[in-house]
file work-v8.pdb (PDB, C-alpha atoms, pLDDT in the B column)
ATOM      1  CA  MET A 223     -33.712  -7.469  28.869  1.00 47.00           C
ATOM      2  CA  LYS A 224     -31.662  -4.483  27.649  1.00 47.00           C
ATOM      3  CA  ASN A 225     -32.720  -2.909  24.373  1.00 46.00           C
ATOM      4  CA  ASP A 226     -30.645  -0.255  22.642  1.00 47.00           C
ATOM      5  CA  LYS A 227     -32.618   1.576  19.963  1.00 47.00           C
ATOM      6  CA  ASN A 228     -29.418   3.094  18.593  1.00 50.00           C
ATOM      7  CA  ASN A 229     -27.888  -0.336  17.908  1.00 60.00           C
ATOM      8  CA  HIS A 230     -28.668  -2.420  14.829  1.00 80.00           C
ATOM      9  CA  TYR A 231     -28.800  -5.724  16.715  1.00 89.00           C
ATOM     10  CA  ARG A 232     -32.219  -7.137  17.589  1.00 92.00           C
ATOM     11  CA  VAL A 233     -32.539  -8.549  21.093  1.00 94.00           C
ATOM     12  CA  ASN A 234     -35.046 -10.830  22.868  1.00 94.00           C
ATOM     13  CA  GLU A 235     -38.661  -9.941  21.974  1.00 93.00           C
ATOM     14  CA  GLN A 236     -37.456  -7.790  19.033  1.00 93.00           C
ATOM     15  CA  ILE A 237     -36.702 -11.077  17.261  1.00 93.00           C
ATOM     16  CA  ARG A 238     -40.007 -12.064  15.640  1.00 92.00           C
ATOM     17  CA  VAL A 239     -39.076 -14.883  13.275  1.00 93.00           C
ATOM     18  CA  ARG A 240     -40.448 -18.416  13.737  1.00 94.00           C
ATOM     19  CA  GLU A 241     -37.111 -20.117  14.477  1.00 95.00           C
ATOM     20  CA  VAL A 242     -33.449 -19.225  14.986  1.00 95.00           C
ATOM     21  CA  ARG A 243     -30.077 -20.941  14.921  1.00 95.00           C
ATOM     22  CA  ILE A 244     -28.304 -20.768  18.279  1.00 94.00           C
ATOM     23  CA  VAL A 245     -24.505 -20.830  18.034  1.00 92.00           C
ATOM     24  CA  GLY A 246     -22.091 -21.385  20.875  1.00 87.00           C
ATOM     25  CA  GLU A 247     -18.907 -23.147  21.907  1.00 82.00           C
ATOM     26  CA  SER A 248     -20.555 -26.553  21.597  1.00 82.00           C
ATOM     27  CA  GLY A 249     -21.822 -25.929  18.054  1.00 85.00           C
ATOM     28  CA  SER A 250     -25.153 -24.774  16.673  1.00 88.00           C
ATOM     29  CA  THR A 251     -28.769 -25.880  16.775  1.00 91.00           C
ATOM     30  CA  VAL A 252     -32.034 -24.679  15.233  1.00 94.00           C
ATOM     31  CA  VAL A 253     -34.884 -24.137  17.700  1.00 94.00           C
ATOM     32  CA  PRO A 254     -38.191 -22.229  17.770  1.00 95.00           C
ATOM     33  CA  THR A 255     -37.668 -18.604  18.765  1.00 94.00           C
ATOM     34  CA  ARG A 256     -39.952 -18.997  21.822  1.00 95.00           C
ATOM     35  CA  GLN A 257     -37.796 -21.878  23.038  1.00 94.00           C
ATOM     36  CA  ALA A 258     -34.629 -19.814  22.462  1.00 95.00           C
ATOM     37  CA  LEU A 259     -36.096 -16.992  24.587  1.00 95.00           C
ATOM     38  CA  ASP A 260     -36.877 -19.456  27.375  1.00 95.00           C
ATOM     39  CA  MET A 261     -33.284 -20.733  27.224  1.00 94.00           C
ATOM     40  CA  ALA A 262     -31.982 -17.176  27.535  1.00 94.00           C
ATOM     41  CA  ARG A 263     -34.159 -16.494  30.597  1.00 95.00           C
ATOM     42  CA  GLU A 264     -33.080 -19.736  32.278  1.00 94.00           C
ATOM     43  CA  GLN A 265     -29.408 -18.790  31.798  1.00 94.00           C
ATOM     44  CA  GLY A 266     -29.938 -15.169  32.833  1.00 94.00           C
ATOM     45  CA  VAL A 267     -28.689 -13.801  29.509  1.00 95.00           C
ATOM     46  CA  ASP A 268     -30.128 -12.301  26.332  1.00 95.00           C
ATOM     47  CA  LEU A 269     -31.008 -13.705  22.926  1.00 94.00           C
ATOM     48  CA  VAL A 270     -28.966 -11.579  20.497  1.00 94.00           C
ATOM     49  CA  GLU A 271     -29.449 -11.780  16.728  1.00 95.00           C
ATOM     50  CA  ILE A 272     -26.002 -11.575  15.102  1.00 92.00           C
ATOM     51  CA  SER A 273     -26.797 -12.604  11.518  1.00 91.00           C
ATOM     52  CA  PRO A 274     -30.334 -11.563  10.513  1.00 92.00           C
ATOM     53  CA  ASN A 275     -29.982 -12.463   6.824  1.00 90.00           C
ATOM     54  CA  ALA A 276     -29.148 -16.116   7.425  1.00 90.00           C
ATOM     55  CA  GLN A 277     -31.832 -18.779   7.040  1.00 91.00           C
ATOM     56  CA  PRO A 278     -32.780 -19.105   9.810  1.00 93.00           C
ATOM     57  CA  PRO A 279     -31.274 -16.006  11.529  1.00 93.00           C
ATOM     58  CA  VAL A 280     -28.251 -16.745  13.723  1.00 95.00           C
ATOM     59  CA  CYS A 281     -28.390 -15.801  17.407  1.00 96.00           C
ATOM     60  CA  ARG A 282     -26.221 -16.044  20.515  1.00 94.00           C
ATOM     61  CA  LEU A 283     -27.137 -16.543  24.139  1.00 95.00           C
ATOM     62  CA  ILE A 284     -25.070 -13.822  25.817  1.00 93.00           C
ATOM     63  CA  ASP A 285     -25.415 -10.807  28.070  1.00 94.00           C
ATOM     64  CA  TYR A 286     -26.196  -7.950  25.683  1.00 93.00           C
ATOM     65  CA  SER A 287     -23.901  -5.471  27.435  1.00 93.00           C
ATOM     66  CA  LYS A 288     -21.032  -7.983  27.270  1.00 93.00           C
ATOM     67  CA  PHE A 289     -21.768  -8.613  23.599  1.00 93.00           C
ATOM     68  CA  LEU A 290     -21.615  -4.897  22.758  1.00 92.00           C
ATOM     69  CA  TYR A 291     -18.358  -4.564  24.705  1.00 92.00           C
ATOM     70  CA  GLN A 292     -16.818  -7.420  22.710  1.00 91.00           C
ATOM     71  CA  GLN A 293     -17.915  -5.847  19.436  1.00 90.00           C
ATOM     72  CA  LYS A 294     -16.454  -2.433  20.337  1.00 91.00           C
ATOM     73  CA  LYS A 295     -13.213  -4.015  21.528  1.00 91.00           C
ATOM     74  CA  ARG A 296     -12.869  -5.997  18.294  1.00 89.00           C
ATOM     75  CA  ALA A 297     -13.533  -2.905  16.175  1.00 87.00           C
ATOM     76  CA  LYS A 298     -10.933  -0.948  18.154  1.00 84.00           C
ATOM     77  CA  GLU A 299      -8.318  -3.684  17.667  1.00 82.00           C
ATOM     78  CA  LEU A 300      -8.957  -3.802  13.918  1.00 80.00           C
ATOM     79  CA  LYS A 301      -8.636  -0.027  13.669  1.00 76.00           C
ATOM     80  CA  ALA A 302      -5.341  -0.112  15.582  1.00 69.00           C
ATOM     81  CA  LYS A 303      -3.954  -2.701  13.149  1.00 66.00           C
ATOM     82  CA  GLN A 304      -4.770  -0.577  10.129  1.00 66.00           C
ATOM     83  CA  VAL A 305      -1.663   1.315   9.012  1.00 60.00           C
ATOM     84  CA  LYS A 306      -2.330   4.747   7.602  1.00 67.00           C
ATOM     85  CA  GLN A 307      -0.418   4.903   4.344  1.00 73.00           C
ATOM     86  CA  GLU A 308       0.882   8.292   3.288  1.00 84.00           C
ATOM     87  CA  VAL A 309       2.540   9.496   0.108  1.00 89.00           C
ATOM     88  CA  LYS A 310       5.967  10.979   0.823  1.00 92.00           C
ATOM     89  CA  GLU A 311       7.609  13.240  -1.736  1.00 93.00           C
ATOM     90  CA  ILE A 312      11.271  13.208  -2.713  1.00 93.00           C
ATOM     91  CA  ARG A 313      12.349  16.127  -4.891  1.00 92.00           C
ATOM     92  CA  PHE A 314      15.426  16.229  -7.087  1.00 91.00           C
ATOM     93  CA  GLY A 315      16.795  19.291  -8.795  1.00 82.00           C
ATOM     94  CA  PRO A 316      18.266  19.399 -12.315  1.00 73.00           C
ATOM     95  CA  GLN A 317      21.782  19.274 -10.836  1.00 78.00           C
ATOM     96  CA  THR A 318      21.466  16.759  -8.012  1.00 84.00           C
ATOM     97  CA  ASP A 319      24.908  15.846  -6.698  1.00 87.00           C
ATOM     98  CA  GLU A 320      25.899  12.492  -5.230  1.00 90.00           C
ATOM     99  CA  HIS A 321      25.721  13.619  -1.585  1.00 91.00           C
ATOM    100  CA  ASP A 322      22.201  15.008  -1.996  1.00 91.00           C
ATOM    101  CA  TYR A 323      21.149  11.886  -3.900  1.00 92.00           C
ATOM    102  CA  ASN A 324      22.341   9.564  -1.113  1.00 92.00           C
ATOM    103  CA  PHE A 325      20.671  11.740   1.525  1.00 93.00           C
ATOM    104  CA  LYS A 326      17.308  11.499  -0.234  1.00 93.00           C
ATOM    105  CA  LEU A 327      17.803   7.811  -0.948  1.00 93.00           C
ATOM    106  CA  LYS A 328      18.183   7.197   2.800  1.00 93.00           C
ATOM    107  CA  HIS A 329      14.919   9.024   3.556  1.00 93.00           C
ATOM    108  CA  ALA A 330      13.092   7.133   0.809  1.00 94.00           C
ATOM    109  CA  LYS A 331      14.187   3.817   2.347  1.00 93.00           C
ATOM    110  CA  GLU A 332      12.827   4.931   5.723  1.00 92.00           C
ATOM    111  CA  PHE A 333       9.505   5.989   4.182  1.00 92.00           C
ATOM    112  CA  LEU A 334       9.062   2.646   2.411  1.00 92.00           C
ATOM    113  CA  GLU A 335      10.042   0.650   5.514  1.00 90.00           C
ATOM    114  CA  GLU A 336       7.338   2.544   7.449  1.00 87.00           C
ATOM    115  CA  GLY A 337       4.767   1.409   4.890  1.00 86.00           C
ATOM    116  CA  ASN A 338       4.412   4.704   3.025  1.00 90.00           C
ATOM    117  CA  LYS A 339       4.431   5.301  -0.701  1.00 92.00           C
ATOM    118  CA  VAL A 340       7.104   7.465  -2.311  1.00 94.00           C
ATOM    119  CA  ARG A 341       6.595   9.959  -5.118  1.00 93.00           C
ATOM    120  CA  ALA A 342       9.981  11.029  -6.439  1.00 93.00           C
ATOM    121  CA  PHE A 343      10.293  13.736  -9.060  1.00 92.00           C
ATOM    122  CA  VAL A 344      12.814  15.864 -10.900  1.00 90.00           C
ATOM    123  CA  PHE A 345      11.832  19.507 -11.301  1.00 88.00           C
ATOM    124  CA  PHE A 346      13.121  21.183 -14.445  1.00 85.00           C
ATOM    125  CA  ARG A 347      13.600  24.951 -14.503  1.00 80.00           C
ATOM    126  CA  GLY A 348      13.838  26.890 -17.735  1.00 77.00           C
ATOM    127  CA  ARG A 349      16.191  25.344 -20.287  1.00 75.00           C
ATOM    128  CA  SER A 350      16.995  22.394 -18.030  1.00 69.00           C
ATOM    129  CA  ILE A 351      13.904  20.720 -19.524  1.00 70.00           C
ATOM    130  CA  LEU A 352      16.185  19.948 -22.515  1.00 71.00           C
ATOM    131  CA  PHE A 353      17.934  17.388 -20.309  1.00 70.00           C
ATOM    132  CA  LYS A 354      14.802  15.447 -19.347  1.00 79.00           C
ATOM    133  CA  GLU A 355      16.464  12.198 -20.466  1.00 82.00           C
ATOM    134  CA  GLN A 356      19.058  12.562 -17.697  1.00 83.00           C
ATOM    135  CA  GLY A 357      16.251  13.136 -15.230  1.00 84.00           C
ATOM    136  CA  GLU A 358      14.661   9.886 -16.351  1.00 87.00           C
ATOM    137  CA  VAL A 359      17.959   8.046 -15.859  1.00 87.00           C
ATOM    138  CA  LEU A 360      18.248   9.526 -12.371  1.00 88.00           C
ATOM    139  CA  LEU A 361      14.792   8.244 -11.433  1.00 90.00           C
ATOM    140  CA  LEU A 362      15.517   4.818 -12.917  1.00 90.00           C
ATOM    141  CA  ARG A 363      18.679   4.639 -10.825  1.00 90.00           C
ATOM    142  CA  PHE A 364      16.649   5.705  -7.792  1.00 92.00           C
ATOM    143  CA  ALA A 365      14.132   2.902  -8.392  1.00 92.00           C
ATOM    144  CA  ASN A 366      16.929   0.361  -8.818  1.00 92.00           C
ATOM    145  CA  ASP A 367      18.615   1.415  -5.565  1.00 91.00           C
ATOM    146  CA  LEU A 368      15.289   0.941  -3.758  1.00 92.00           C
ATOM    147  CA  GLU A 369      14.298  -2.389  -5.298  1.00 90.00           C
ATOM    148  CA  GLU A 370      14.702  -4.186  -1.940  1.00 90.00           C
ATOM    149  CA  TYR A 371      12.341  -1.753  -0.225  1.00 92.00           C
ATOM    150  CA  GLY A 372       9.746  -0.793  -2.833  1.00 91.00           C
ATOM    151  CA  LYS A 373       8.228  -1.711  -6.171  1.00 90.00           C
ATOM    152  CA  VAL A 374       7.612   0.650  -9.057  1.00 90.00           C
ATOM    153  CA  GLU A 375       3.961   1.626  -9.474  1.00 88.00           C
ATOM    154  CA  GLN A 376       4.609   4.018 -12.342  1.00 86.00           C
ATOM    155  CA  MET A 377       7.740   4.412 -14.436  1.00 88.00           C
ATOM    156  CA  PRO A 378       9.178   7.932 -14.903  1.00 88.00           C
ATOM    157  CA  ALA A 379       6.701  10.152 -16.727  1.00 88.00           C
ATOM    158  CA  LEU A 380       6.927  13.850 -17.554  1.00 87.00           C
ATOM    159  CA  GLU A 381       4.035  16.014 -16.357  1.00 87.00           C
ATOM    160  CA  GLY A 382       4.625  19.639 -17.218  1.00 85.00           C
ATOM    161  CA  LYS A 383       7.999  20.620 -15.747  1.00 85.00           C
ATOM    162  CA  LYS A 384       8.142  17.623 -13.421  1.00 88.00           C
ATOM    163  CA  MET A 385       9.061  14.018 -14.101  1.00 89.00           C
ATOM    164  CA  PHE A 386       7.469  11.637 -11.586  1.00 92.00           C
ATOM    165  CA  LEU A 387       8.283   8.141 -10.349  1.00 92.00           C
ATOM    166  CA  TYR A 388       5.911   6.308  -7.991  1.00 93.00           C
ATOM    167  CA  LEU A 389       7.029   3.588  -5.574  1.00 93.00           C
ATOM    168  CA  SER A 390       5.007   1.527  -3.111  1.00 91.00           C
ATOM    169  CA  PRO A 391       6.379  -0.489  -0.160  1.00 91.00           C
ATOM    170  CA  LYS A 392       7.259  -4.081  -0.886  1.00 84.00           C
ATOM    171  CA  LYS A 393       5.195  -6.739   0.822  1.00 68.00           C
ATOM    172  CA  ALA A 394       6.040 -10.336   1.578  1.00 44.00           C
ATOM    173  CA  GLY A 395       5.101 -12.749  -1.173  1.00 36.00           C
ATOM    174  CA  VAL A 396       5.136 -10.226  -4.007  1.00 39.00           C
ATOM    175  CA  ALA A 397       5.268 -12.161  -7.246  1.00 39.00           C
ATOM    176  CA  LYS A 398       8.492 -11.758  -9.200  1.00 43.00           C
ATOM    177  CA  LYS A 399       8.405 -10.323 -12.701  1.00 47.00           C
ATOM    178  CA  SER A 400       8.717 -12.774 -15.535  1.00 49.00           C
ATOM    179  CA  GLN A 401      12.114 -12.989 -17.226  1.00 56.00           C
ATOM    180  CA  GLN A 402      10.545 -11.788 -20.469  1.00 60.00           C
ATOM    181  CA  LYS A 403       9.183  -8.650 -18.807  1.00 59.00           C
ATOM    182  CA  MET A 404      12.496  -7.893 -17.069  1.00 61.00           C
ATOM    183  CA  ASP A 405      14.368  -8.278 -20.365  1.00 66.00           C
ATOM    184  CA  ARG A 406      11.939  -5.960 -22.117  1.00 68.00           C
ATOM    185  CA  GLU A 407      12.212  -3.280 -19.409  1.00 65.00           C
ATOM    186  CA  ARG A 408      16.010  -3.562 -19.446  1.00 66.00           C
ATOM    187  CA  ARG A 409      16.119  -3.120 -23.238  1.00 70.00           C
ATOM    188  CA  GLU A 410      13.841  -0.087 -23.034  1.00 71.00           C
ATOM    189  CA  ALA A 411      15.972   1.498 -20.309  1.00 67.00           C
ATOM    190  CA  GLU A 412      19.180   0.759 -22.247  1.00 67.00           C
ATOM    191  CA  ALA A 413      17.725   2.401 -25.346  1.00 69.00           C
ATOM    192  CA  LYS A 414      16.834   5.529 -23.365  1.00 63.00           C
ATOM    193  CA  VAL A 415      20.311   5.748 -21.824  1.00 60.00           C
ATOM    194  CA  SER A 416      21.940   5.226 -25.221  1.00 65.00           C
ATOM    195  CA  GLN A 417      19.796   7.953 -26.731  1.00 65.00           C
ATOM    196  CA  SER A 418      20.648  10.325 -23.872  1.00 58.00           C
ATOM    197  CA  ALA A 419      24.376   9.641 -24.203  1.00 57.00           C
ATOM    198  CA  LYS A 420      24.239  10.233 -27.959  1.00 61.00           C
ATOM    199  CA  SER A 421      22.455  13.554 -27.546  1.00 56.00           C
ATOM    200  CA  GLN A 422      25.239  14.736 -25.221  1.00 53.00           C
ATOM    201  CA  GLU A 423      28.218  13.777 -27.401  1.00 53.00           C
ATOM    202  CA  ASP A 424      29.006  17.397 -28.243  1.00 49.00           C
ATOM    203  CA  VAL A 425      28.263  18.709 -24.751  1.00 47.00           C
ATOM    204  CA  GLN A 426      31.085  19.159 -22.237  1.00 46.00           C
ATOM    205  CA  PRO A 427      30.028  17.102 -19.196  1.00 45.00           C
ATOM    206  CA  ALA A 428      29.896  18.761 -15.811  1.00 45.00           C
ATOM    207  CA  SER A 429      31.656  17.270 -12.816  1.00 44.00           C
ATOM    208  CA  GLY A 430      28.424  16.345 -11.034  1.00 48.00           C
ATOM    209  CA  GLY A 431      24.656  16.643 -11.247  1.00 48.00           C
ATOM    210  CA  LEU A 432      22.592  14.910 -13.895  1.00 44.00           C
ATOM    211  CA  PHE A 433      25.584  14.280 -16.165  1.00 44.00           C
ATOM    212  CA  ALA A 434      27.125  12.196 -13.399  1.00 50.00           C
ATOM    213  CA  ASN A 435      23.792  10.491 -12.879  1.00 50.00           C
ATOM    214  CA  LEU A 436      23.727   9.598 -16.578  1.00 49.00           C
ATOM    215  CA  LYS A 437      27.025   7.738 -16.178  1.00 50.00           C
ATOM    216  CA  ASN A 438      25.731   6.119 -12.969  1.00 54.00           C
ATOM    217  CA  GLY A 439      22.606   5.083 -14.838  1.00 53.00           C
ATOM    218  CA  GLU A 440      24.710   3.388 -17.496  1.00 53.00           C
ATOM    219  CA  ASP A 441      26.665   1.547 -14.802  1.00 57.00           C
ATOM    220  CA  VAL A 442      23.432   0.404 -13.138  1.00 52.00           C
ATOM    221  CA  LEU A 443      22.050  -0.973 -16.383  1.00 53.00           C
ATOM    222  CA  LYS A 444      25.347  -2.732 -17.097  1.00 55.00           C
ATOM    223  CA  LYS A 445      25.252  -4.322 -13.647  1.00 52.00           C
ATOM    224  CA  LEU A 446      21.636  -5.429 -14.116  1.00 48.00           C
ATOM    225  CA  SER A 447      22.520  -6.984 -17.450  1.00 51.00           C
ATOM    226  CA  GLU A 448      25.444  -8.910 -15.981  1.00 55.00           C
ATOM    227  CA  SER A 449      23.396 -10.148 -13.005  1.00 48.00           C
ATOM    228  CA  GLN A 450      20.663 -11.475 -15.294  1.00 47.00           C
ATOM    229  CA  GLU A 451      23.221 -13.327 -17.439  1.00 52.00           C
ATOM    230  CA  ASP A 452      24.528 -15.076 -14.278  1.00 51.00           C
TER     231      ASP A 452
END
call {"tool": "encode", "arguments": {"input": "work-v8.pdb", "output": "structure tokens"}}
result
Amino acid sequence: MKNDKNNHYRVNEQIRVREVRIVGESGSTVVPTRQALDMAREQGVDLVEISPNAQPPVCRLIDYSKFLYQQKKRAKELKAKQVKQEVKEIRFGPQTDEHDYNFKLKHAKEFLEEGNKVRAFVFFRGRSILFKEQGEVLLLRFANDLEEYGKVEQMPALEGKKMFLYLSPKKAGVAKKSQQKMDRERREAEAKVSQSAKSQEDVQPASGGLFANLKNGEDVLKKLSESQED
């Protein structure tokens, strides 16, 4: 009936195999192709090949225009359901205070709830690179505060003058980490905090910024340890 050269579906006389499988609401049946064409004419519809690689090829008795409309509608619905995932950046400075930290934490939660990934980083200028351990503690605290919203894809890692942390949105049914893995990660984080604290023994701590975050990081690790013991 209607043949569209720009479409990959074969219709009616374009189907030149010996037999086809007709599928419909009542099930499926294998018939000679000539008989299938006669059935289509009797019903006033088309014989549309929907699965050419099957043995025998699978066809439907349906108006070709209606069939194409259904296919386009289905493709449009699938496209609408696909969520475009973006990577949102959160930048911390070497002296991030508590107010700025909470402000960026709030935005990170919103990004993760919307289904986006988060790339958080601390940018070190000049001599502030000497305090990279505090930057790592800050990012670990950030990941801990977002554990209900996102999972860590990559632990803090220094790349040039920036230390990055990657988070992806949490999905339902995400498998929990094994106790052994959580204990190992906690021990590693505790060792890093301990090392950072030791390196700052002779340094007068500032009232805010990364020095405050170092103390907060210690508190976070202490809380994690206590919760795991319970």
call {"tool": "closest_residue", "arguments": {"input": "work-v8.pdb", "among": "A:Gly372, A:Pro279, A:Pro274, A:Gly266", "to": "Phe333 in chain A", "atoms": "only C-alpha atoms"}}
result
A:Gly372
call {"tool": "closest_residue", "arguments": {"input": "work-v8.pdb", "among": "A:Lys331, A:Arg341, A:Lys383, A:Lys288", "to": "Phe353 in chain A", "atoms": "only C-alpha atoms"}}
result
A:Lys383
call {"tool": "closest_residue", "arguments": {"input": "work-v8.pdb", "among": "A:Gln292, A:Ser250, A:Asn338, A:Thr255", "to": "Tyr388 in chain A", "atoms": "all atoms listed in the file"}}
result
A:Asn338
call {"tool": "atom_distance", "arguments": {"input": "work-v8.pdb", "atom1": "CA of Gln376 in chain A", "atom2": "CA of Gly348 in chain A"}}
result
25.2 Å
call {"tool": "resolve_selection", "arguments": {"input": "work-v8.pdb", "expression": "the PyMOL selection byres ((chain A and resi 339) around 12)", "output": "ChimeraX atom specification"}}
result
/A:306-312,329-338,340-342,371-376,387-392
call {"tool": "atom_distance", "arguments": {"input": "work-v8.pdb", "atom1": "CA of Arg296 in chain A", "atom2": "CA of Glu241 in chain A"}}
result
28.3 Å
call {"tool": "resolve_selection", "arguments": {"input": "work-v8.pdb", "expression": "the PyMOL selection byres ((chain A and resi 284) around 10)", "output": "list of chain:residue names"}}
result
A:Gly246, A:Ala262, A:Gln265, A:Gly266, A:Val267, A:Asp268, A:Leu269, A:Val270, A:Cys281, A:Arg282, A:Leu283, A:Asp285, A:Tyr286, A:Ser287, A:Lys288, A:Phe289
call {"tool": "write_last_selection", "arguments": {"input": "work-v8.pdb", "atoms": "C-alpha atoms", "output": "JSON list (two decimals), in the coordinates of the input"}}
result
[["chain", "number", "residue", "atom", "x", "y", "z"],
["A", 246, "GLY", "CA", -22.09, -21.38, 20.88],
["A", 262, "ALA", "CA", -31.98, -17.18, 27.54],
["A", 265, "GLN", "CA", -29.41, -18.79, 31.80],
["A", 266, "GLY", "CA", -29.94, -15.17, 32.83],
["A", 267, "VAL", "CA", -28.69, -13.80, 29.51],
["A", 268, "ASP", "CA", -30.13, -12.30, 26.33],
["A", 269, "LEU", "CA", -31.01, -13.70, 22.93],
["A", 270, "VAL", "CA", -28.97, -11.58, 20.50],
["A", 281, "CYS", "CA", -28.39, -15.80, 17.41],
["A", 282, "ARG", "CA", -26.22, -16.04, 20.52],
["A", 283, "LEU", "CA", -27.14, -16.54, 24.14],
["A", 285, "ASP", "CA", -25.42, -10.81, 28.07],
["A", 286, "TYR", "CA", -26.20, -7.95, 25.68],
["A", 287, "SER", "CA", -23.90, -5.47, 27.44],
["A", 288, "LYS", "CA", -21.03, -7.98, 27.27],
["A", 289, "PHE", "CA", -21.77, -8.61, 23.60]]
call {"tool": "atom_distance", "arguments": {"input": "work-v8.pdb", "atom1": "CA of Ile272 in chain A", "atom2": "CA of Arg232 in chain A"}}
result
8.0 Å
call {"tool": "closest_atom_pairs", "arguments": {"input": "work-v8.pdb", "of": "range 259-343 of chain A", "to": "range 361-364 of chain A", "cutoff": "9 Å", "atoms": "all atoms listed in the file", "output": "Markdown table"}}
result
| residue | atom | partner | partner_atom | distance |
| --- | --- | --- | --- | --- |
| A:Tyr323 | CA | A:Phe364 | CA | 8.6 |
| A:Leu327 | CA | A:Phe364 | CA | 7.3 |
| A:Ala342 | CA | A:Leu361 | CA | 7.5 |
| A:Phe343 | CA | A:Leu361 | CA | 7.5 |
call {"tool": "write_last_selection", "arguments": {"input": "work-v8.pdb", "atoms": "C-alpha atoms", "output": "CSV table (one decimal), keeping the file's coordinate frame"}}
result
chain,number,residue,atom,x,y,z
A,323,TYR,CA,21.1,11.9,-3.9
A,327,LEU,CA,17.8,7.8,-0.9
A,342,ALA,CA,10.0,11.0,-6.4
A,343,PHE,CA,10.3,13.7,-9.1
call {"tool": "closest_residue", "arguments": {"input": "work-v8.pdb", "among": "A:Lys295, A:Arg349, A:Val280, A:Leu360", "to": "Thr251 in chain A", "atoms": "all atoms listed in the file"}}
result
A:Val280
call {"tool": "axis_aligned_box", "arguments": {"input": "work-v8.pdb", "around": "range 262-279 of chain A", "padding_each_side": "6 Å", "output": "AutoDock Vina command-line options"}}
result
--center_x -30.1 --center_y -15.6 --center_z 19.8 --size_x 20.2 --size_y 20.2 --size_z 38.0
call {"tool": "closest_residue", "arguments": {"input": "work-v8.pdb", "among": "A:Leu300, A:Ile351, A:Leu259, A:Val359", "to": "Glu271 in chain A", "atoms": "all atoms listed in the file"}}
result
A:Leu259
call {"tool": "residues_around", "arguments": {"input": "work-v8.pdb", "residues": "Lys384 in chain A", "least_positions_apart": "5", "cutoff": "10 Å", "atoms": "all atoms listed in the file", "output": "PyMOL selection string"}}
result
chain A and resi 313-315+342-347+351+354+357+378-379
